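work34.cif (mmCIF, C-alpha atoms) appears below.
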data_entry
loop_
_atom_site.group_PDB
_atom_site.id
_atom_site.type_symbol
_atom_site.label_atom_id
_atom_site.label_comp_id
_atom_site.auth_asym_id
_atom_site.auth_seq_id
_atom_site.Cartn_x
_atom_site.Cartn_y
_atom_site.Cartn_z
ATOM 1 C CA MET A 369 194.070 10.693 -123.001
ATOM 2 C CA ASP A 370 195.185 10.841 -126.607
ATOM 3 C CA VAL A 371 198.196 9.726 -128.642
ATOM 4 C CA ALA A 372 200.317 12.712 -127.587
ATOM 5 C CA ASP A 373 199.654 12.089 -123.888
ATOM 6 C CA ARG A 374 200.545 8.427 -124.293
ATOM 7 C CA LYS A 375 203.753 9.322 -126.146
ATOM 8 C CA ILE A 376 204.672 11.819 -123.421
ATOM 9 C CA LEU A 377 204.120 9.174 -120.757
ATOM 10 C CA ALA A 378 206.072 6.514 -122.667
ATOM 11 C CA LEU A 379 209.026 8.849 -123.158
ATOM 12 C CA LEU A 380 209.059 10.099 -119.572
ATOM 13 C CA GLN A 381 208.959 6.512 -118.277
ATOM 14 C CA SER A 382 211.943 5.468 -120.358
ATOM 15 C CA GLU A 383 213.860 8.767 -120.396
ATOM 16 C CA GLY A 384 212.991 10.542 -117.152
ATOM 17 C CA ARG A 385 215.749 13.131 -117.578
ATOM 18 C CA ILE A 386 214.674 14.209 -121.062
ATOM 19 C CA THR A 387 214.420 17.972 -121.439
ATOM 20 C CA LEU A 388 211.059 19.533 -122.152
ATOM 21 C CA THR A 389 212.406 20.742 -125.500
ATOM 22 C CA GLU A 390 213.482 17.218 -126.508
ATOM 23 C CA LEU A 391 210.200 15.776 -125.261
ATOM 24 C CA ALA A 392 208.173 18.295 -127.270
ATOM 25 C CA GLU A 393 210.225 17.573 -130.384
ATOM 26 C CA LYS A 394 209.798 13.784 -130.096
ATOM 27 C CA VAL A 395 206.052 14.114 -129.492
ATOM 28 C CA GLY A 396 205.562 16.700 -132.226
ATOM 29 C CA LEU A 397 204.238 19.525 -130.054
ATOM 30 C CA SER A 398 205.406 23.023 -129.248
ATOM 31 C CA VAL A 399 207.308 23.314 -125.972
ATOM 32 C CA SER A 400 204.480 25.301 -124.357
ATOM 33 C CA ARG A 401 201.798 22.764 -125.385
ATOM 34 C CA CYS A 402 203.977 19.889 -124.240
ATOM 35 C CA GLN A 403 204.628 21.591 -120.902
ATOM 36 C CA ARG A 404 200.892 22.200 -120.446
ATOM 37 C CA ARG A 405 200.134 18.540 -121.123
ATOM 38 C CA VAL A 406 202.832 17.357 -118.688
ATOM 39 C CA ARG A 407 201.438 19.668 -115.997
ATOM 40 C CA GLU A 408 197.907 18.363 -116.670
ATOM 41 C CA LEU A 409 199.139 14.763 -116.392
ATOM 42 C CA GLU A 410 200.843 15.649 -113.103
ATOM 43 C CA ALA A 411 197.751 17.461 -111.772
ATOM 44 C CA ALA A 412 195.572 14.461 -112.652
ATOM 45 C CA GLU A 413 198.118 12.269 -110.804
ATOM 46 C CA ILE A 414 198.681 10.162 -113.893
ATOM 47 C CA ILE A 415 202.322 11.164 -113.482
ATOM 48 C CA ARG A 416 202.812 10.447 -109.788
ATOM 49 C CA GLY A 417 206.463 11.416 -109.434
ATOM 50 C CA TYR A 418 209.967 11.244 -110.812
ATOM 51 C CA ARG A 419 212.801 9.102 -109.494
ATOM 52 C CA ALA A 420 216.097 7.453 -110.290
ATOM 53 C CA VAL A 421 216.286 3.688 -110.800
ATOM 54 C CA VAL A 422 218.941 2.481 -108.367
ATOM 55 C CA ASP A 423 220.817 -0.833 -108.275
ATOM 56 C CA ALA A 424 219.808 -2.362 -104.918
ATOM 57 C CA ALA A 425 222.892 -4.603 -104.697
ATOM 58 C CA ALA A 426 225.199 -1.632 -105.248
ATOM 59 C CA MET A 427 223.474 0.040 -102.292
ATOM 60 C CA GLY A 428 224.085 -2.994 -100.062
ATOM 61 C CA TYR A 429 220.674 -4.621 -100.549
ATOM 62 C CA GLY A 430 221.678 -7.751 -102.432
ATOM 63 C CA PHE A 431 219.013 -9.961 -100.859
ATOM 64 C CA GLU A 432 215.369 -9.712 -101.902
ATOM 65 C CA VAL A 433 212.407 -11.604 -100.508
ATOM 66 C CA LEU A 434 208.799 -11.886 -101.593
ATOM 67 C CA LEU A 435 206.802 -12.125 -98.408
ATOM 68 C CA PHE A 436 203.223 -13.352 -98.411
ATOM 69 C CA ALA A 437 201.175 -12.206 -95.431
ATOM 70 C CA THR A 438 197.808 -13.471 -94.236
ATOM 71 C CA LEU A 439 195.894 -11.381 -91.727
ATOM 72 C CA SER A 440 194.046 -12.796 -88.744
ATOM 73 C CA ARG A 441 191.064 -10.472 -89.132
ATOM 74 C CA PRO A 442 189.632 -8.228 -91.861
ATOM 75 C CA ASP A 443 189.520 -5.144 -89.639
ATOM 76 C CA ALA A 444 193.347 -5.146 -89.324
ATOM 77 C CA VAL A 445 193.932 -3.876 -92.880
ATOM 78 C CA ALA A 446 194.317 -0.162 -92.118
ATOM 79 C CA GLU A 447 196.588 -0.774 -89.142
ATOM 80 C CA PHE A 448 198.632 -3.312 -91.132
ATOM 81 C CA ASP A 449 198.994 -0.900 -94.083
ATOM 82 C CA ALA A 450 200.227 1.856 -91.764
ATOM 83 C CA ALA A 451 202.735 -0.490 -90.125
ATOM 84 C CA LEU A 452 204.070 -1.613 -93.533
ATOM 85 C CA ALA A 453 204.742 2.014 -94.465
ATOM 86 C CA ASP A 454 206.954 2.353 -91.380
ATOM 87 C CA VAL A 455 209.374 -0.431 -92.409
ATOM 88 C CA PRO A 456 212.018 1.016 -94.779
ATOM 89 C CA GLU A 457 213.104 -2.423 -96.038
ATOM 90 C CA ILE A 458 209.602 -2.945 -97.456
ATOM 91 C CA ILE A 459 209.910 -1.429 -100.921
ATOM 92 C CA GLU A 460 206.535 -2.509 -102.274
ATOM 93 C CA ALA A 461 203.360 -4.051 -100.899
ATOM 94 C CA GLN A 462 200.179 -5.088 -102.637
ATOM 95 C CA ARG A 463 196.833 -6.058 -101.119
ATOM 96 C CA LEU A 464 195.483 -9.168 -102.833
ATOM 97 C CA PHE A 465 192.072 -10.784 -103.228
ATOM 98 C CA GLY A 466 191.792 -14.115 -101.432
ATOM 99 C CA GLU A 467 194.695 -15.670 -99.558
ATOM 100 C CA PRO A 468 197.329 -14.600 -98.956
ATOM 101 C CA ASP A 469 196.184 -11.071 -98.190
ATOM 102 C CA TYR A 470 199.432 -9.303 -99.200
ATOM 103 C CA LEU A 471 202.440 -9.652 -101.449
ATOM 104 C CA ILE A 472 205.335 -7.669 -99.982
ATOM 105 C CA ARG A 473 208.805 -7.010 -101.486
ATOM 106 C CA VAL A 474 211.499 -6.788 -98.850
ATOM 107 C CA VAL A 475 215.191 -5.990 -99.319
ATOM 108 C CA SER A 476 218.049 -6.611 -96.937
ATOM 109 C CA ALA A 477 221.803 -7.017 -97.049
ATOM 110 C CA ASP A 478 221.803 -10.795 -96.660
ATOM 111 C CA LEU A 479 219.973 -13.749 -95.135
ATOM 112 C CA PRO A 480 221.018 -13.052 -91.517
ATOM 113 C CA SER A 481 219.837 -9.435 -91.732
ATOM 114 C CA TYR A 482 216.524 -10.578 -93.254
ATOM 115 C CA GLN A 483 216.130 -13.125 -90.459
ATOM 116 C CA ARG A 484 216.665 -10.376 -87.851
ATOM 117 C CA LEU A 485 214.102 -8.155 -89.601
ATOM 118 C CA TYR A 486 211.656 -11.053 -89.850
ATOM 119 C CA GLU A 487 211.969 -11.984 -86.188
ATOM 120 C CA SER A 488 212.085 -8.472 -84.723
ATOM 121 C CA VAL A 489 209.638 -6.601 -86.991
ATOM 122 C CA LEU A 490 207.749 -8.564 -89.616
ATOM 123 C CA MET A 491 206.399 -11.294 -87.320
ATOM 124 C CA HIS A 492 205.018 -8.580 -85.043
ATOM 125 C CA LEU A 493 203.129 -6.536 -87.620
ATOM 126 C CA PRO A 494 199.564 -5.910 -86.409
ATOM 127 C CA GLY A 495 196.978 -8.477 -87.382
ATOM 128 C CA VAL A 496 199.389 -11.019 -88.880
ATOM 129 C CA ARG A 497 198.194 -14.612 -88.818
ATOM 130 C CA GLY A 498 200.917 -16.014 -91.034
ATOM 131 C CA LEU A 499 203.946 -15.098 -93.154
ATOM 132 C CA ASN A 500 205.561 -17.077 -95.944
ATOM 133 C CA SER A 501 208.897 -15.945 -97.415
ATOM 134 C CA THR A 502 210.218 -16.761 -100.857
ATOM 135 C CA ILE A 503 213.780 -15.751 -101.705
ATOM 136 C CA VAL A 504 214.234 -14.078 -105.083
ATOM 137 C CA MET A 505 216.842 -15.977 -107.123
ATOM 138 C CA LYS A 506 217.182 -13.371 -109.862
ATOM 139 C CA GLN A 507 215.168 -10.633 -111.448
ATOM 140 C CA ALA A 508 214.165 -12.029 -114.834
ATOM 141 C CA VAL A 509 212.385 -8.850 -115.966
ATOM 142 C CA HIS A 510 213.454 -5.571 -114.402
ATOM 143 C CA PRO A 511 210.797 -2.948 -113.664
ATOM 144 C CA ARG A 512 209.928 -1.329 -116.960
ATOM 145 C CA PRO A 513 207.600 1.295 -118.366
ATOM 146 C CA LEU A 514 203.926 0.510 -118.787
ATOM 147 C CA PRO A 515 202.929 -0.466 -122.332
ATOM 148 C CA GLU A 516 201.741 2.510 -124.370
ATOM 149 C CA HIS A 517 198.293 0.899 -124.877
ATOM 150 C CA PRO A 518 196.400 -1.785 -122.951
ATOM 151 C CA SER A 519 196.361 -4.934 -125.090
ATOM 152 C CA HIS A 520 192.543 -4.909 -125.309
ATOM 153 C CA GLU A 521 192.446 -1.304 -126.516
ATOM 154 C CA ALA A 522 193.002 -0.119 -130.052
ATOM 155 C CA PRO A 523 195.541 2.708 -130.335
ATOM 156 C CA PRO A 524 193.767 6.101 -130.090
ATOM 157 C CA SER A 525 193.531 8.502 -132.998
ATOM 158 C CA ALA A 526 196.726 10.264 -134.026
ATOM 159 C CA ASP A 527 195.499 13.796 -133.243
ATOM 160 C CA PRO A 528 198.275 15.257 -130.997
ATOM 161 C CA ALA A 529 196.571 18.700 -130.680
#
Taking this structure as input, can you express it in the form of structure tokens?
Amino acid sequence: MDVADRKILALLQSEGRITLTELAEKVGLSVSRCQRRVRELEAAEIIRGYRAVVDAAAMGYGFEVLLFATLSRPDAVAEFDAALADVPEIIEAQRLFGEPDYLIRVVSADLPSYQRLYESVLMHLPGVRGLNSTIVMKQAVHPRPLPEHPSHEAPPSADPA
């Protein structure tokens, strides 16, 4: 991955609807070379998809919870992962080292709807030993693009060929 690839990724993360022509111009490549690079980044699954950023509250999901889950046994991971994928209100889940085993982002309309989800679905996920909910007060930093370079890495050479 070189400077041009990183610029393409940075621009697509911040301006997902940019045209290929505009992208090529900003990166300093021909349209065909830029298109080839984008396709290569997609094929390598570095670009994993395209989506709109939607305001959850405007969609009726004004209540967000961070749920910490601890499993009762290590062999429940695959079954637990599959069950998480079946709950639409779970918008993100991460497997952690140590305890708790998972950090899960859950959205709902309000506290009563979260309580219903918790009692009817979340408590009954396979392999759960314990759940701990923390209500999100506000989002201090909204999801944003990845930095162009890891902080430990020097910027690559400027050869956008």
Expansion of the PyMOL selection byres ((chain A and resi 403-419) around 9) into residues, as an mmCIF file with C-alpha atoms, in the frame of the given file:
data_model
loop_
_atom_site.group_PDB
_atom_site.id
_atom_site.type_symbol
_atom_site.label_atom_id
_atom_site.label_comp_id
_atom_site.auth_asym_id
_atom_site.auth_seq_id
_atom_site.Cartn_x
_atom_site.Cartn_y
_atom_site.Cartn_z
ATOM 1 C CA ALA A 372 200.317 12.712 -127.587
ATOM 2 C CA ASP A 373 199.654 12.089 -123.888
ATOM 3 C CA ILE A 376 204.672 11.819 -123.421
ATOM 4 C CA LEU A 377 204.120 9.174 -120.757
ATOM 5 C CA LEU A 380 209.059 10.099 -119.572
ATOM 6 C CA GLN A 381 208.959 6.512 -118.277
ATOM 7 C CA GLY A 384 212.991 10.542 -117.152
ATOM 8 C CA LEU A 388 211.059 19.533 -122.152
ATOM 9 C CA ALA A 392 208.173 18.295 -127.270
ATOM 10 C CA SER A 398 205.406 23.023 -129.248
ATOM 11 C CA VAL A 399 207.308 23.314 -125.972
ATOM 12 C CA SER A 400 204.480 25.301 -124.357
ATOM 13 C CA ARG A 401 201.798 22.764 -125.385
ATOM 14 C CA CYS A 402 203.977 19.889 -124.240
ATOM 15 C CA ALA A 420 216.097 7.453 -110.290
ATOM 16 C CA VAL A 421 216.286 3.688 -110.800
#
- To one decimal in Å, tell me the separation between CA of Ala450 (chain A) and CA of Met505 (chain A). 28.8 Å
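Going from CA of Ser476 (chain A) over to CA of Glu457 (chain A), you cover 6.5 Å.
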- Item | Expected selection from the PyMOL selection byres ((chain A and resi 490-501) around 8), given as a count of residues only | 22
Find the smallest box with edges along x, y and z containing every listed atom of region 443-456 of chain A, then add 4 Å on each side and report centre and edge lengths in Å to one decimal, as AutoDock Vina command-line options.
--center_x 200.8 --center_y -1.4 --center_z -92.0 --size_x 30.5 --size_y 15.5 --size_z 13.6
- Pick out the closest residue to Gly430 (chain A) from this set: A:His517, A:Val509, A:Arg374, A:Ser481. Count only C-alpha atoms.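 Counting only C-alpha atoms, the residue closest to Gly430 (chain A) is A:Ser481.
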- Task: Provide the CA of Arg385 (chain A) to CA of Pro456 (chain A) distance in Å, to one decimal place.
- Result: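 Atom-to-atom, CA of Arg385 (chain A) to CA of Pro456 (chain A), that is 26.1 Å.
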- Apply the PyMOL selection byres ((chain A and resi 510) around 12) to the displayed file and report the matching residues as a ChimeraX atom specification. /A:421-424,506-509,511-513
Next, dump the selected residues to file, keeping only C-alpha atoms, as an mmCIF file, in the coordinates of the input.
data_model
loop_
_atom_site.group_PDB
_atom_site.id
_atom_site.type_symbol
_atom_site.label_atom_id
_atom_site.label_comp_id
_atom_site.auth_asym_id
_atom_site.auth_seq_id
_atom_site.Cartn_x
_atom_site.Cartn_y
_atom_site.Cartn_z
ATOM 1 C CA VAL A 421 216.286 3.688 -110.800
ATOM 2 C CA VAL A 422 218.941 2.481 -108.367
ATOM 3 C CA ASP A 423 220.817 -0.833 -108.275
ATOM 4 C CA ALA A 424 219.808 -2.362 -104.918
ATOM 5 C CA LYS A 506 217.182 -13.371 -109.862
ATOM 6 C CA GLN A 507 215.168 -10.633 -111.448
ATOM 7 C CA ALA A 508 214.165 -12.029 -114.834
ATOM 8 C CA VAL A 509 212.385 -8.850 -115.966
ATOM 9 C CA PRO A 511 210.797 -2.948 -113.664
ATOM 10 C CA ARG A 512 209.928 -1.329 -116.960
ATOM 11 C CA PRO A 513 207.600 1.295 -118.366
#
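Shell of region 458-461 of chain A at 8 Å, with all atoms listed in the file counted and residues fewer than 2 places along the chain excluded, is Leu452, Ala453, Val455, Pro456, Arg463, Tyr470, Leu471, Ile472, Arg473, Val474 and Val475 of chain A.
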Write the selection just made, keeping C-alpha atoms, as a tab-separated table (two decimals), in the frame of the given file?
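Below is the file that was written, part.tsv:
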chain	number	residue	atom	x	y	z
A	452	LEU	CA	204.07	-1.61	-93.53
A	453	ALA	CA	204.74	2.01	-94.46
A	455	VAL	CA	209.37	-0.43	-92.41
A	456	PRO	CA	212.02	1.02	-94.78
A	463	ARG	CA	196.83	-6.06	-101.12
A	470	TYR	CA	199.43	-9.30	-99.20
A	471	LEU	CA	202.44	-9.65	-101.45
A	472	ILE	CA	205.34	-7.67	-99.98
A	473	ARG	CA	208.80	-7.01	-101.49
A	474	VAL	CA	211.50	-6.79	-98.85
A	475	VAL	CA	215.19	-5.99	-99.32
My structure is short of atoms at region 442-463 of chain A; please model N, CA and C atoms there, returning them as a compact mmCIF listing (two decimals), in the coordinates of the input.
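Output file out24.txt follows:
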# COMPACT_ATOMS: atom_id res chain seq x y z
N PRO A 442 189.80 -9.23 -90.80
CA PRO A 442 189.63 -8.23 -91.86
C PRO A 442 189.77 -6.78 -91.38
N ASP A 443 189.46 -6.53 -90.12
CA ASP A 443 189.52 -5.14 -89.64
C ASP A 443 190.95 -4.68 -89.33
N ALA A 444 191.95 -5.51 -89.58
CA ALA A 444 193.35 -5.15 -89.32
C ALA A 444 194.02 -4.49 -90.53
N VAL A 445 193.32 -4.36 -91.64
CA VAL A 445 193.93 -3.88 -92.88
C VAL A 445 194.54 -2.48 -92.73
N ALA A 446 193.81 -1.54 -92.22
CA ALA A 446 194.32 -0.16 -92.12
C ALA A 446 195.53 -0.09 -91.21
N GLU A 447 195.46 -0.77 -90.08
CA GLU A 447 196.59 -0.77 -89.14
C GLU A 447 197.80 -1.48 -89.76
N PHE A 448 197.56 -2.57 -90.47
CA PHE A 448 198.63 -3.31 -91.13
C PHE A 448 199.28 -2.45 -92.22
N ASP A 449 198.46 -1.79 -93.04
CA ASP A 449 198.99 -0.90 -94.08
C ASP A 449 199.89 0.18 -93.49
N ALA A 450 199.44 0.80 -92.41
CA ALA A 450 200.23 1.86 -91.76
C ALA A 450 201.54 1.31 -91.22
N ALA A 451 201.51 0.12 -90.66
CA ALA A 451 202.74 -0.49 -90.12
C ALA A 451 203.71 -0.84 -91.25
N LEU A 452 203.20 -1.31 -92.39
CA LEU A 452 204.07 -1.61 -93.53
C LEU A 452 204.83 -0.36 -93.98
N ALA A 453 204.14 0.76 -94.01
CA ALA A 453 204.74 2.01 -94.46
C ALA A 453 205.88 2.46 -93.56
N ASP A 454 205.91 1.97 -92.33
CA ASP A 454 206.95 2.35 -91.38
C ASP A 454 208.21 1.48 -91.45
N VAL A 455 208.22 0.47 -92.31
CA VAL A 455 209.37 -0.43 -92.41
C VAL A 455 210.13 -0.09 -93.69
N PRO A 456 211.30 0.56 -93.58
CA PRO A 456 212.02 1.02 -94.78
C PRO A 456 212.45 -0.11 -95.72
N GLU A 457 212.67 -1.30 -95.19
CA GLU A 457 213.10 -2.42 -96.04
C GLU A 457 211.97 -2.96 -96.90
N ILE A 458 210.74 -2.57 -96.61
CA ILE A 458 209.60 -2.94 -97.46
C ILE A 458 209.54 -1.92 -98.58
N ILE A 459 209.86 -2.36 -99.79
CA ILE A 459 209.91 -1.43 -100.92
C ILE A 459 208.66 -1.46 -101.79
N GLU A 460 207.80 -2.43 -101.53
CA GLU A 460 206.54 -2.51 -102.27
C GLU A 460 205.62 -3.46 -101.53
N ALA A 461 204.34 -3.16 -101.52
CA ALA A 461 203.36 -4.05 -100.90
C ALA A 461 202.05 -3.93 -101.66
N GLN A 462 201.44 -5.06 -101.90
CA GLN A 462 200.18 -5.09 -102.64
C GLN A 462 199.15 -5.90 -101.87
N ARG A 463 197.96 -5.35 -101.74
CA ARG A 463 196.83 -6.06 -101.12
C ARG A 463 196.23 -6.94 -102.20
